[in-house]
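Here's the structure, in C-alpha cells; my notes come after.
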Amino acid sequence: MELVQQLVNGISLGSIYALIALGYTMVYGIVKLINFAHGDVFMVGSFMGFYSITILDLSFFPALVLTMAACALFGVAIERIAYKPLRNATRIAALITAIGVSLLIEYGVIYFRGAQPEAYPGDVLPKETISLFGLSVSSQSIFILGVSVALMILLQFIVHKTKIGKAMRAVSHDADAARLMGINVNNTISATFAIGSALAGAAGVIFGTYYIKIEPLMGIIPGLKAFVAAVLGGIGIIPGAMVGGLLLGVIEALVSALGYSLWRDGAAFVVLILILIFLPSGLFGKNVREKV
Amino acid sequence: MKTSKLAGVVLSFSLIAGALAGCGGEKSGGSATSGKGGDSITVGANLELSGGVASYGQSISEGLDLALSEINEKGINGKKIVLKKVDNKSEAAEATSAAIRLATQDKAVAIIGAATSTNTLAQVQVAQDNKIPIITPTGTNPAITNKDGKVNDYVFRTCFIDPFQGTVAANFAVEKQKSKSAAVFIDSSSDYAKGLAAAFKSSYKKKGGKIVAEEAYVAKDTDFRATLTRIKSKNPDFIFLPGYYEEVGLIIKQAREIGLDVPFMGGDGWDSPKLVEIAGKEALNNTFITNHYSSGDPEEQIQKFVEAFKTKYKGKSPDAFAALGYDTGYYLADAIKRAGGADPEKIKEALAKTKDLQLVSGNLTLDKNHDPVKSAAILKYENGEQKFETKVNP
C-alpha cells in the first residue's frame, strides 16, 4: 500500500518534470541547443501566475492561460535577442549564451523584487484529501496531473495535426531542405520557443499551486532534473520527454521511500550518467548512423 | 603668519575632536563621569541598529531602554547606569571595533550585545583581552561561551542555547503529549537543526520514548511527500522538526495532505509570519514551537512587562528579542549590585554566580559553562496565531 502511495507521489512530481522537459526537448530537436534558460522561464511563469492570482485577482485557469501567453512571448523574446544572432555560430557559443541568459533572468528577478520567497494563496484550488483503499491523495494532485496530461495531449495534437506542427517536424528533420520547400524557418523556430516556454510557464503555475513556495532561484534544480528527464527519454523526442519526466519523478520518490532521501538529487544525476553510458540516444531514441 | 598657522592647527584639531565626539552618539554620559567613579556607571551596548538584522537590535534596544529607565528610578547603590549605544551595522568587523571602542575609549564596565551569534563571537576576544564582561541577550550558539571545552570567562548570555530547545521539546512530548514513539525529520545542512535534534533524541530516549524514524532533507528542497509517506508508515505519534520556516511550512502542508495528522514541533526557527502563509492556517493546527518567552503568558511579572512596554512604545507588543533585552538589563543590574561597585572583574564574578534570578523570560541560574538554565515557553498554533500553551522547566 505504501508503495502505491509512493507511486502517486512520484507521478505528481514527475508530471511537473515532464512539462518542463517538453520545452527542452522541443528546442533541442529543432535548433540542437540545450536552452539552460528554460528553468528560469519556469520560474518567471510561477511568479507571473502568482501576481495574476494575487494582484489581478484571477482564478486558476485564467491565470494559467495568461501566464502561458506571457511566457510564450518571453520565450520568443529570449530566442530573438539572445539565440538568433548565434544561429550559425558554434554550438558551444550558443550553450554559453544560454547559461548567461539563465543567470541574467535569475538575478534580474532578484534585483527587481528581492530574493525573499513568496507563498501562493492556499485557496487557488479546492483542497480535499481523498481516501481510496487506504491511499491519501489530495484532490490537488489529481487535478494537477489532469492539467498536465491535457497539456501534453494538446501538444501532441499541435505537433502531429497542424500545419505549424508539420513545419516544426520538417525543420527539425532538415532545416535546409525545409527552407527549400518554402517553410519559414525563423518563424517555425520562434513558434517552437513559444510553445516550449508556454509549457514551462504552465509548469510554473502548477508548481506554485502545488508546492506554494516560490523564489527566484527555484528554476535551477527542476530545470536540471527536467534536462535529465529529456535525456532519459531521448532528447529531441516529445513522447520521450513525457515518459522520462514521469519515470524520473517515480525514481526519486522510490529512492526517498527506501530511506535515502538525501540521495534523491544524486540519484537523478546517476540516472543521467547511466543513460549516457549505456543508451546515449535515450529510451526512445533511434540510433542514427552519421554519414561521413 | 605663524599665529594663523597655529590657529589653523588648533581649529582642525577641534574639528576632529568634535567629529569624534559626534561619533559616540547622543546617549553618551560625557567623559566627565568615567566608568568607575562618579555617581554613574557606564555600560556599553553593541547592537545591530542598522543593516540586515536591524529588527533584532532595535527590539533589544527598546527592551533594554525600558529596563534601565526602571532601574535608574531607584538606582543601584545610589548610582545610575548610563547606557552608551553603538551601532555595529549587523557586521562582524564593525562589532569587533565597536567593542574595542567601548572597552578602551568609553571605559564601559560591561558590554551588552550583540543580537546574533556571529556578531557576538566577533567580540569574544576583545572581552577576554580587555577583561570586560559582555552579555549577549540573544546569541544562542554554544560556541559563544565555551570554546574547545574551555569557558570564555568574560562572556555571558541571557538566552538558552540551541540544544536546550531539543531537551524542552522532548520533555513536552513525553509529559504533556504522552508520546511514546517519535520521528525526527531534520535539515541536514543546518547545524542549528542538528543540535536541536541530537538533544531531542537523547532526552526523549532517556524519558523512555522510542525514536521510530529519522529522516533528513536539505534546505531548498520542495517535495517531501515521499519521505513523509515513509515516516507515516512507521506510525509515530509525534514528529520533531527543528528546521527553518521556509521548508517547515512546506513539510507541514504536505504532511497534512497525505494524512499525517500527528503533532509537529520545532524551535524558534519556525517563528516567522511566512510560515503561516506557506503552510496555511489549518495545516498548522496541532503544531508547537519552543520559544524564549510568550507575551501571552498569564504570569504577573510578564504581563506587567508587556503593559509597561506597550505604554512606552505606543501599543507595540514586545517580541522575544525585546523581552531578552529587558532581562539583560536586570541581569546586569543585579550583578552590579552584588558586586558592590563598578569593577569589571567583580561584576564578572557576580554574573557567573547568578542564581534564581526571576526574569521575564524565566528563572535564571547559570551553569558552569555560563549558559542559563531556565524555562522555555511552548507556543501552540491555533488558526495561524501563536497561543501560549505552557512553560517547561529544564
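Labels used: A, B, ... for chains in the order of the C-alpha cells, numbers from 1 for residues in each chain, and numbers from 1 for ligands as shown.
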
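Applying a distance limit of 8 Å to only C-alpha atoms, the residues of chain A near chain B read Glu2, Gln5, Gln6, Asn9, Gly10, Leu13, Ala119, Tyr120, Pro121, Gly122, Thr129, Ser136, Val137, Ser138, Tyr211, Ile212, Lys213, Ala253, Leu254, Ser256, Ala257, Leu258, Gly259, Ser261 and Leu262 of chain A.
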
Find the distance between CA of His292 in chain B and CA of Ala255 in chain B and write it in Å to one decimal.
26.9 Å

Please provide as a PyMOL selection string all residues within 10 Å of range 192-201 of chain B, with the sequence filter that same-chain residues fewer than 2 positions apart are discarded (counting only C-alpha atoms).
chain B and resi 140-142+161-171+173+182-190+203-207+209-211+214+216+240-244+266-267+269

Given the selection you just returned, output its residues as a file containing C-alpha atoms, formatted as a PDB file, in the first residue's frame.
ATOM      1  CA  THR B 140      22.238  31.085  21.074  1.00  0.00           C
ATOM      2  CA  ASN B 141      25.300  29.384  19.562  1.00  0.00           C
ATOM      3  CA  PRO B 142      27.002  27.184  22.196  1.00  0.00           C
ATOM      4  CA  ILE B 161      21.445  27.683  23.993  1.00  0.00           C
ATOM      5  CA  ASP B 162      20.246  25.884  20.847  1.00  0.00           C
ATOM      6  CA  PRO B 163      20.297  22.245  22.030  1.00  0.00           C
ATOM      7  CA  PHE B 164      18.273  23.166  25.100  1.00  0.00           C
ATOM      8  CA  GLN B 165      15.190  23.638  22.935  1.00  0.00           C
ATOM      9  CA  GLY B 166      15.502  19.996  21.877  1.00  0.00           C
ATOM     10  CA  THR B 167      15.500  18.889  25.508  1.00  0.00           C
ATOM     11  CA  VAL B 168      12.457  21.017  26.268  1.00  0.00           C
ATOM     12  CA  ALA B 169      10.631  19.621  23.237  1.00  0.00           C
ATOM     13  CA  ALA B 170      11.368  16.048  24.346  1.00  0.00           C
ATOM     14  CA  ASN B 171      10.043  16.748  27.845  1.00  0.00           C
ATOM     15  CA  ALA B 173       6.378  15.395  24.010  1.00  0.00           C
ATOM     16  CA  ALA B 182       8.547   9.919  17.825  1.00  0.00           C
ATOM     17  CA  ALA B 183      10.019  10.651  14.427  1.00  0.00           C
ATOM     18  CA  VAL B 184      12.777  13.195  13.817  1.00  0.00           C
ATOM     19  CA  PHE B 185      12.962  14.996  10.478  1.00  0.00           C
ATOM     20  CA  ILE B 186      15.930  17.350  10.192  1.00  0.00           C
ATOM     21  CA  ASP B 187      17.552  19.773   7.816  1.00  0.00           C
ATOM     22  CA  SER B 188      20.897  18.032   7.331  1.00  0.00           C
ATOM     23  CA  SER B 189      22.511  21.248   6.046  1.00  0.00           C
ATOM     24  CA  SER B 190      21.926  23.212   9.272  1.00  0.00           C
ATOM     25  CA  SER B 203      16.348  13.346  26.169  1.00  0.00           C
ATOM     26  CA  TYR B 204      13.448  11.527  24.536  1.00  0.00           C
ATOM     27  CA  LYS B 205      15.155   8.146  24.881  1.00  0.00           C
ATOM     28  CA  LYS B 206      16.072   8.920  28.487  1.00  0.00           C
ATOM     29  CA  LYS B 207      12.406   9.557  29.219  1.00  0.00           C
ATOM     30  CA  GLY B 209      10.355   7.027  24.396  1.00  0.00           C
ATOM     31  CA  LYS B 210      11.370   5.336  21.174  1.00  0.00           C
ATOM     32  CA  ILE B 211      12.595   7.092  18.045  1.00  0.00           C
ATOM     33  CA  GLU B 214      14.954   9.506  11.482  1.00  0.00           C
ATOM     34  CA  ALA B 216      16.643  14.247   6.687  1.00  0.00           C
ATOM     35  CA  PHE B 240      10.161  16.728  15.860  1.00  0.00           C
ATOM     36  CA  LEU B 241      11.017  19.095  13.006  1.00  0.00           C
ATOM     37  CA  PRO B 242      13.723  21.559  14.042  1.00  0.00           C
ATOM     38  CA  GLY B 243      14.193  23.484  10.789  1.00  0.00           C
ATOM     39  CA  TYR B 244      13.640  26.964   9.423  1.00  0.00           C
ATOM     40  CA  GLY B 266      10.059  22.752  16.275  1.00  0.00           C
ATOM     41  CA  GLY B 267      12.201  25.526  17.709  1.00  0.00           C
ATOM     42  CA  GLY B 269      13.432  28.788  13.659  1.00  0.00           C
TER      43      GLY B 269
END

May I ask for the distance between CA of Ile92 in chain A and CA of Phe36 in chain A, given in Å to one decimal place?
12.4 Å

Per DSSP on the backbone, filter range 86-224 of chain A down to the residues in strand (DSSP E) and report them as number ranges by chain.
A: 118-119, 129-132, 135-138, 213-214

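Nearest to Gly340 in chain B of all the residues B:Asn77, B:Thr104, B:Thr116, B:Asn235 is B:Asn77, based on only C-alpha atoms.
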
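In this model, the gap between CA of Glu385 in chain B and CA of Asp327 in chain B comes to 25.1 Å.
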
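If you count only C-alpha atoms and ignore residues fewer than 6 places along the chain from range 107-118 of chain A, what sits within 8 Å of it is A:Lys213, A:Ile214, A:Glu215, A:Pro216.
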
Do you know which residues are at most 6 Å from Gly39 in chain A counting only C-alpha atoms, after dropping those on the same chain fewer than 2 positions away, and could you put them as a VMD selection string?
chain A and resid 37 41 to 42 219 to 220 223

Looking only at helix (DSSP H, G or I) from DSSP on the backbone, list the matching residues of range 311-387 of chain B as an MDAnalysis selection string.
chainID B and resid 311:312 320:339 344:352

Taking 3 positions as the minimum chain separation for residues in the same chain, which residues sit within 10 Å of Tyr330 in chain B when counting only C-alpha atoms? Answer as a list in words.
Leu64, Ala67, Leu68, Glu70, Ile71, Leu324, Gly325, Tyr326, Asp327, Ala333, Asp334, Ala335, Ile336, Leu357, Gln358, Leu359 and Val360 of chain B

Residues at most 9 Å from range 164-168 of chain A, counting only C-alpha atoms, excluding those fewer than 5 positions away in the same chain, as a CSV table (one decimal) with C-alpha atoms, in the first residue's frame?
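In the end it all went to part-v3.csv:
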chain,number,residue,atom,x,y,z
A,30,ILE,CA,14.8,22.0,-33.7
A,156,GLN,CA,0.7,16.1,-29.5
A,157,PHE,CA,-2.2,17.4,-31.4
A,158,ILE,CA,-0.3,20.6,-32.4
A,159,VAL,CA,2.8,18.7,-33.5
A,173,HIS,CA,14.4,16.8,-39.7
A,178,ALA,CA,12.6,22.7,-45.2
A,183,ILE,CA,8.9,26.8,-44.9
A,184,ASN,CA,9.8,30.0,-42.9
A,185,VAL,CA,12.4,28.5,-40.7
A,188,THR,CA,9.0,28.0,-37.0
A,189,ILE,CA,11.8,28.2,-34.6
A,191,ALA,CA,6.9,29.1,-32.6
A,192,THR,CA,8.8,26.2,-31.0
